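Participant: Right, I'll just put the structure down here and ask away after.
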Amino acid sequence: MTIDCHTHIASARVIPAPFVKGMSDNIYANAVATQENIKAENINMLLGRLMSFDEDCDKLLAEMDKAGIEKSVLLIVDFGITFPDEAEDLETLYALHKRILDRYPGRFEVFAGIDPRRKTGGLELFEKSVRDWGFKGLKLYPPCGYSPSDERLYPYYEICAAYGIPVLLHTGPTSPSMSFAFSAPELINDAAHQFPTVNFILAHAAFMMHEQAAILAEYRPNIYLDVSGFTNALRMERFETILSEHKKRGIIHKILFGTDWPIHKLSGSQQTLVELFRNAAGNILNAQEMKLVMGENFNRLLKM
């Protein structure tokens with residue numbers, strides 16, 4: 001079983017233009033600094049292909065089949081307050097994701113995104129999505145401008161505790177169009193302490209800002225780490241060192257496979273990402289540990 005715990009619908013309605021532009025600006029700035037022969041318009045064209053229209057997830061499903069991915073988790077990010085002129089209406093986004101669940105039963109799960117600074121309706125919409133539509137978790141994006149331990153999130157965590165569903169939150173850097181002020185792994189500590197029956201998945205934290213994240217995963221039973229963005233560790237030749245440290249800490253049962261599709265399509269197809277991870281991790285993990293990371297750990301979370 002292979003489960004991708006971290007994907008998004010490839011559409012500008014889901015991932016707004018300012019977010020993607022920040023990525024392209026950063027790629028261009030790095031290319032200029034290193035004197036690479038790359039033009040800004042070529043970067044924008046590349047990112048346009050990255051975000052090619054796939055609102056029905058047909059392309060994603062085809063890539064999943066080639067890669068042997070049994071199920072993917074679609075994560076909704078609530079950009080409504082951060083990019084008010086660009087972000088899609090939140091209820092419309094929820095309906096779009098519910099349509100995918102109905103279209104491909106058993107192949108997808110959905111985590112409902114919310115910004116706790118919404119003044120009305122957010123809590124009710126979130127609970128409705130879990131109770132009536134079958135959404136299986138809460139997705140948070142602290143770079144929008146709030147701490148994951150903000151007390152305005154506590155009513156949402158209470159719903160997660162009541163329904164036995166996990167929370168997946170972004171950690172580490174993101175598009176330069178957003179703040180990194182609330183991206184540190186340790187900012188989840190207060191919430192994880194206050195809600196010990198809620199499982200928190202720190203996105204990217206298995207390889208990004210991994211040292212503090214690993215300590216949290218080692219000593220808090222309800223903190224997990226996903227591997228999305230692991231290709232940066234491969235590029236820096238640190239993948240095996242980091243994964244070996246996780247194994248020595250005894251937290252392989254806390255590590256979850258994820259790709260962050262379509263954001264990391266620049267690193268290759270879903271099949272390429274699965275093969276890259278398996279080949280690199282195969283030097284560290286035994287067969288049972290690989291099964292845990294590739295799907296059994298996440299499957300266990302959903303069944304808790």
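Identifiers for the structure tokens are assigned positionally: chains receive A, B, ... in sequence, residues are indexed from 1 per chain, and ligands are indexed from 1 in the order shown.
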Quick one: residues within 9 Å of A:Val130, only C-alpha atoms, excluding same-chain residues fewer than 6 positions away - as a PDB file with N, CA, C and O atoms, in the first residue's frame?
Facilitator:
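Result file follows (result_33.pdb):
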```
ATOM      1  N   PHE A 111      -8.831  16.825   3.402  1.00  0.00           N
ATOM      2  CA  PHE A 111      -8.682  17.561   4.652  1.00  0.00           C
ATOM      3  C   PHE A 111      -9.173  18.981   4.407  1.00  0.00           C
ATOM      4  O   PHE A 111      -8.708  19.658   3.490  1.00  0.00           O
ATOM      5  N   ALA A 112     -10.098  19.430   5.224  1.00  0.00           N
ATOM      6  CA  ALA A 112     -10.726  20.739   5.050  1.00  0.00           C
ATOM      7  C   ALA A 112      -9.833  21.849   5.587  1.00  0.00           C
ATOM      8  O   ALA A 112      -9.403  21.809   6.736  1.00  0.00           O
ATOM      9  N   LYS A 136     -11.818  13.998   6.095  1.00  0.00           N
ATOM     10  CA  LYS A 136     -11.160  13.184   7.123  1.00  0.00           C
ATOM     11  C   LYS A 136     -10.102  13.904   7.941  1.00  0.00           C
ATOM     12  O   LYS A 136      -9.351  13.270   8.680  1.00  0.00           O
ATOM     13  N   GLY A 137     -10.018  15.240   7.837  1.00  0.00           N
ATOM     14  CA  GLY A 137      -9.015  15.938   8.620  1.00  0.00           C
ATOM     15  C   GLY A 137      -9.101  17.437   8.435  1.00  0.00           C
ATOM     16  O   GLY A 137      -9.923  17.944   7.660  1.00  0.00           O
ATOM     17  N   TYR A 163     -14.387  13.790  16.505  1.00  0.00           N
ATOM     18  CA  TYR A 163     -14.548  12.896  15.359  1.00  0.00           C
ATOM     19  C   TYR A 163     -13.335  11.984  15.138  1.00  0.00           C
ATOM     20  O   TYR A 163     -13.363  11.123  14.248  1.00  0.00           O
ATOM     21  N   ILE A 165     -10.213  12.774  14.081  1.00  0.00           N
ATOM     22  CA  ILE A 165      -9.528  13.050  12.818  1.00  0.00           C
ATOM     23  C   ILE A 165      -8.257  13.873  13.062  1.00  0.00           C
ATOM     24  O   ILE A 165      -8.181  14.645  14.014  1.00  0.00           O
TER      25      ILE A 165
END
```
Participant: Would you pick out the contacts of A:Thr241 at 12 Å or less, using only C-alpha atoms, so that residues sharing its chain but fewer than 5 positions from it are not included, and give the list as a VMD selection string?
Facilitator: chain A and resid 206 to 207 210 to 211 233 to 234 236 246 to 248 280 to 281 283 to 284
Participant: Taking only stretch 51-224 of chain A into account, list the residues labelled alpha helix (DSSP H) by DSSP (computed from the backbone), as a ChimeraX atom specification.
Facilitator: /A:58-67,90-103,122-131,154-163,189-194,210-219
Participant: For a quick check of understanding, using only C-alpha atoms, which of A:Ala10, A:Leu60, A:Met294, A:Ile251 has the smallest distance to A:Glu275?
Facilitator: A:Met294
Participant: Looking at A:Ser24, A:Thr7, A:Ser147, A:Asn286, which one is nearest to A:Ser177, with distances taken over only C-alpha atoms?
Facilitator: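 Selected residue with least distance to A:Ser177: A:Ser24.
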Participant: Which residues, written as a ChimeraX atom specification, have at least one atom at most 10 Å from A:Ala192, with only C-alpha atoms counted and residues fewer than 5 positions away on the same chain left out?
Facilitator: /A:148-149,157,186-187,197-200,216,220-223
Participant: Those selected residues, please, written with N, CA, C and O atoms and delivered as a PDB file, in the first residue's frame.
Facilitator:
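Once written, out01.pdb looks like this:
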```pdb
ATOM      1  N   PRO A 148      -0.253  27.922  14.765  1.00  0.00           N
ATOM      2  CA  PRO A 148      -1.080  26.719  14.891  1.00  0.00           C
ATOM      3  C   PRO A 148      -1.544  26.459  16.318  1.00  0.00           C
ATOM      4  O   PRO A 148      -2.397  25.599  16.541  1.00  0.00           O
ATOM      5  N   SER A 149      -0.992  27.203  17.272  1.00  0.00           N
ATOM      6  CA  SER A 149      -1.465  27.118  18.657  1.00  0.00           C
ATOM      7  C   SER A 149      -2.337  28.315  19.034  1.00  0.00           C
ATOM      8  O   SER A 149      -2.625  28.535  20.220  1.00  0.00           O
ATOM      9  N   TYR A 157     -10.022  22.162  16.931  1.00  0.00           N
ATOM     10  CA  TYR A 157      -9.357  20.990  17.486  1.00  0.00           C
ATOM     11  C   TYR A 157     -10.330  20.158  18.318  1.00  0.00           C
ATOM     12  O   TYR A 157     -10.212  18.922  18.367  1.00  0.00           O
ATOM     13  N   GLU A 186       8.061  24.058  16.331  1.00  0.00           N
ATOM     14  CA  GLU A 186       7.749  24.109  17.765  1.00  0.00           C
ATOM     15  C   GLU A 186       6.498  24.922  18.085  1.00  0.00           C
ATOM     16  O   GLU A 186       5.973  24.851  19.202  1.00  0.00           O
ATOM     17  N   LEU A 187       5.980  25.678  17.115  1.00  0.00           N
ATOM     18  CA  LEU A 187       4.772  26.473  17.377  1.00  0.00           C
ATOM     19  C   LEU A 187       3.543  25.603  17.580  1.00  0.00           C
ATOM     20  O   LEU A 187       2.525  26.082  18.074  1.00  0.00           O
ATOM     21  N   THR A 197      -5.368  14.013  22.392  1.00  0.00           N
ATOM     22  CA  THR A 197      -6.038  12.979  21.594  1.00  0.00           C
ATOM     23  C   THR A 197      -6.143  13.354  20.119  1.00  0.00           C
ATOM     24  O   THR A 197      -6.666  12.575  19.320  1.00  0.00           O
ATOM     25  N   VAL A 198      -5.654  14.537  19.748  1.00  0.00           N
ATOM     26  CA  VAL A 198      -5.648  14.953  18.345  1.00  0.00           C
ATOM     27  C   VAL A 198      -4.249  14.711  17.781  1.00  0.00           C
ATOM     28  O   VAL A 198      -3.252  15.139  18.369  1.00  0.00           O
ATOM     29  N   ASN A 199      -4.168  14.047  16.650  1.00  0.00           N
ATOM     30  CA  ASN A 199      -2.882  13.803  16.004  1.00  0.00           C
ATOM     31  C   ASN A 199      -2.557  14.937  15.048  1.00  0.00           C
ATOM     32  O   ASN A 199      -3.376  15.313  14.203  1.00  0.00           O
ATOM     33  N   PHE A 200      -1.339  15.479  15.157  1.00  0.00           N
ATOM     34  CA  PHE A 200      -0.884  16.595  14.348  1.00  0.00           C
ATOM     35  C   PHE A 200       0.230  16.120  13.416  1.00  0.00           C
ATOM     36  O   PHE A 200       1.226  15.547  13.865  1.00  0.00           O
ATOM     37  N   LEU A 216      10.040  16.827  18.710  1.00  0.00           N
ATOM     38  CA  LEU A 216       8.615  16.841  19.035  1.00  0.00           C
ATOM     39  C   LEU A 216       7.981  15.479  18.768  1.00  0.00           C
ATOM     40  O   LEU A 216       7.201  14.968  19.584  1.00  0.00           O
ATOM     41  N   ARG A 220       6.340  13.697  21.891  1.00  0.00           N
ATOM     42  CA  ARG A 220       4.889  13.905  21.947  1.00  0.00           C
ATOM     43  C   ARG A 220       4.229  12.809  21.124  1.00  0.00           C
ATOM     44  O   ARG A 220       4.421  12.727  19.915  1.00  0.00           O
ATOM     45  N   PRO A 221       3.419  11.956  21.761  1.00  0.00           N
ATOM     46  CA  PRO A 221       2.821  10.824  21.058  1.00  0.00           C
ATOM     47  C   PRO A 221       1.929  11.225  19.889  1.00  0.00           C
ATOM     48  O   PRO A 221       1.697  10.419  18.990  1.00  0.00           O
ATOM     49  N   ASN A 222       1.435  12.455  19.888  1.00  0.00           N
ATOM     50  CA  ASN A 222       0.457  12.863  18.874  1.00  0.00           C
ATOM     51  C   ASN A 222       1.047  13.748  17.783  1.00  0.00           C
ATOM     52  O   ASN A 222       0.316  14.455  17.096  1.00  0.00           O
ATOM     53  N   ILE A 223       2.365  13.702  17.587  1.00  0.00           N
ATOM     54  CA  ILE A 223       2.986  14.495  16.530  1.00  0.00           C
ATOM     55  C   ILE A 223       3.667  13.569  15.522  1.00  0.00           C
ATOM     56  O   ILE A 223       4.440  12.682  15.888  1.00  0.00           O
TER      57      ILE A 223
END
```
Participant: Name the residues in contact with A:Thr82 at a cut-off of 12 Å, using only C-alpha atoms, excluding same-chain residues fewer than 6 positions from it; report them as a PyMOL selection string.
Facilitator: chain A and resi 16+18-19+88+114-115+117-118+141-146+177-179
Participant: Considering only C-alpha atoms, state which residue in the set A:Gly164, A:Gly22, A:Pro105, A:Gly113 is at the smallest distance from A:Arg300.
Facilitator: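 For A:Arg300, the nearest of the given residues is A:Gly164.
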Participant: Please indicate the distance in Å from atom CA of A:His97 to atom CA of A:Val20, rounded to one decimal place.
Facilitator: 20.6 Å
Participant: Just list as a list in words whatever in stretch 132-279 of chain A DSSP marks as strand (DSSP E or B).
Facilitator: Gly137, Leu138, Lys139, Leu140, Val167, Leu168, Leu169, His170, Phe200, Ile201, Leu202, Ala203, Ile223, Tyr224, Leu225, Asp226, Ile255, Leu256 and Trp261 of chain A
Participant: Given the selection you just returned, output its residues as a file containing N, CA and C atoms, formatted as a tab-separated table (two decimals), in the first residue's frame.
Facilitator:
```tsv
chain	number	residue	atom	x	y	z
A	137	GLY	N	-10.02	15.24	7.84
A	137	GLY	CA	-9.01	15.94	8.62
A	137	GLY	C	-9.10	17.44	8.43
A	138	LEU	N	-8.25	18.15	9.17
A	138	LEU	CA	-8.16	19.61	9.12
A	138	LEU	C	-6.80	19.99	8.55
A	139	LYS	N	-6.80	20.91	7.58
A	139	LYS	CA	-5.56	21.40	6.99
A	139	LYS	C	-5.36	22.86	7.38
A	140	LEU	N	-4.19	23.18	7.94
A	140	LEU	CA	-3.87	24.54	8.36
A	140	LEU	C	-2.65	25.05	7.59
A	167	VAL	N	-4.92	16.57	12.16
A	167	VAL	CA	-4.65	17.92	11.64
A	167	VAL	C	-3.32	17.87	10.90
A	168	LEU	N	-3.29	18.39	9.68
A	168	LEU	CA	-2.03	18.50	8.94
A	168	LEU	C	-1.74	19.98	8.73
A	169	LEU	N	-0.55	20.42	9.15
A	169	LEU	CA	-0.22	21.83	9.06
A	169	LEU	C	1.13	22.03	8.40
A	170	HIS	N	1.23	23.12	7.63
A	170	HIS	CA	2.48	23.45	6.95
A	170	HIS	C	3.54	23.83	7.96
A	200	PHE	N	-1.34	15.48	15.16
A	200	PHE	CA	-0.88	16.60	14.35
A	200	PHE	C	0.23	16.12	13.42
A	201	ILE	N	0.05	16.36	12.12
A	201	ILE	CA	1.04	15.99	11.11
A	201	ILE	C	1.75	17.27	10.66
A	202	LEU	N	3.05	17.33	10.86
A	202	LEU	CA	3.84	18.49	10.45
A	202	LEU	C	4.32	18.26	9.02
A	203	ALA	N	3.70	18.97	8.08
A	203	ALA	CA	4.03	18.80	6.67
A	203	ALA	C	5.47	19.23	6.40
A	223	ILE	N	2.36	13.70	17.59
A	223	ILE	CA	2.99	14.49	16.53
A	223	ILE	C	3.67	13.57	15.52
A	224	TYR	N	3.36	13.80	14.23
A	224	TYR	CA	3.87	13.02	13.11
A	224	TYR	C	4.51	13.97	12.10
A	225	LEU	N	5.33	13.42	11.21
A	225	LEU	CA	6.05	14.22	10.22
A	225	LEU	C	5.82	13.65	8.83
A	226	ASP	N	5.54	14.52	7.84
A	226	ASP	CA	5.46	14.00	6.48
A	226	ASP	C	6.73	14.37	5.71
A	255	ILE	N	6.59	8.69	10.56
A	255	ILE	CA	6.95	9.31	9.29
A	255	ILE	C	5.94	8.89	8.22
A	256	LEU	N	5.44	9.86	7.44
A	256	LEU	CA	4.38	9.63	6.45
A	256	LEU	C	4.84	10.06	5.07
A	261	TRP	N	2.11	17.16	-4.50
A	261	TRP	CA	1.67	17.35	-5.89
A	261	TRP	C	0.61	18.44	-5.93
```
Participant: Quick one: of A:Val110, A:Glu296, A:Arg99, A:Met304, who's nearest to A:Ala162, counting only C-alpha atoms?
Facilitator: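 That would be A:Met304, the residue with the smallest distance to A:Ala162.
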Participant: Quick one: residues within 10 Å of A:Leu285, only C-alpha atoms, excluding same-chain residues fewer than 3 positions away - as a tab-separated table (two decimals) with C-alpha atoms, in the first residue's frame?
Facilitator:
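Everything below was put into result19.tsv:
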```tsv
chain	number	residue	atom	x	y	z
A	240	GLU	CA	20.24	9.37	4.26
A	243	LEU	CA	16.43	9.51	7.78
A	244	SER	CA	19.07	7.59	9.75
A	247	LYS	CA	15.49	5.79	12.77
A	252	ILE	CA	9.90	5.67	11.84
A	278	ARG	CA	12.05	4.23	-2.19
A	280	ALA	CA	17.05	6.47	-1.24
A	281	ALA	CA	15.17	5.19	1.82
A	282	GLY	CA	15.93	1.58	0.89
A	288	GLN	CA	8.61	-3.48	7.30
A	289	GLU	CA	9.75	0.07	8.03
A	290	MET	CA	9.26	0.97	4.36
A	291	LYS	CA	5.68	-0.33	4.53
A	292	LEU	CA	5.06	1.83	7.58
A	293	VAL	CA	6.30	5.02	5.93
```
Participant: Restricting the calculation to only C-alpha atoms, which member of A:Thr2, A:Ile242, A:Met23, A:Asn189 is positioned closest to A:Ile263?
Facilitator: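 Nearest candidate to A:Ile263 out of A:Thr2, A:Ile242, A:Met23, A:Asn189: A:Met23.
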Participant: Go ahead and compute the interatomic distance for atom CA of A:Lys128 and atom CA of A:Glu91, in Å to one decimal.
Facilitator: 10.9 Å
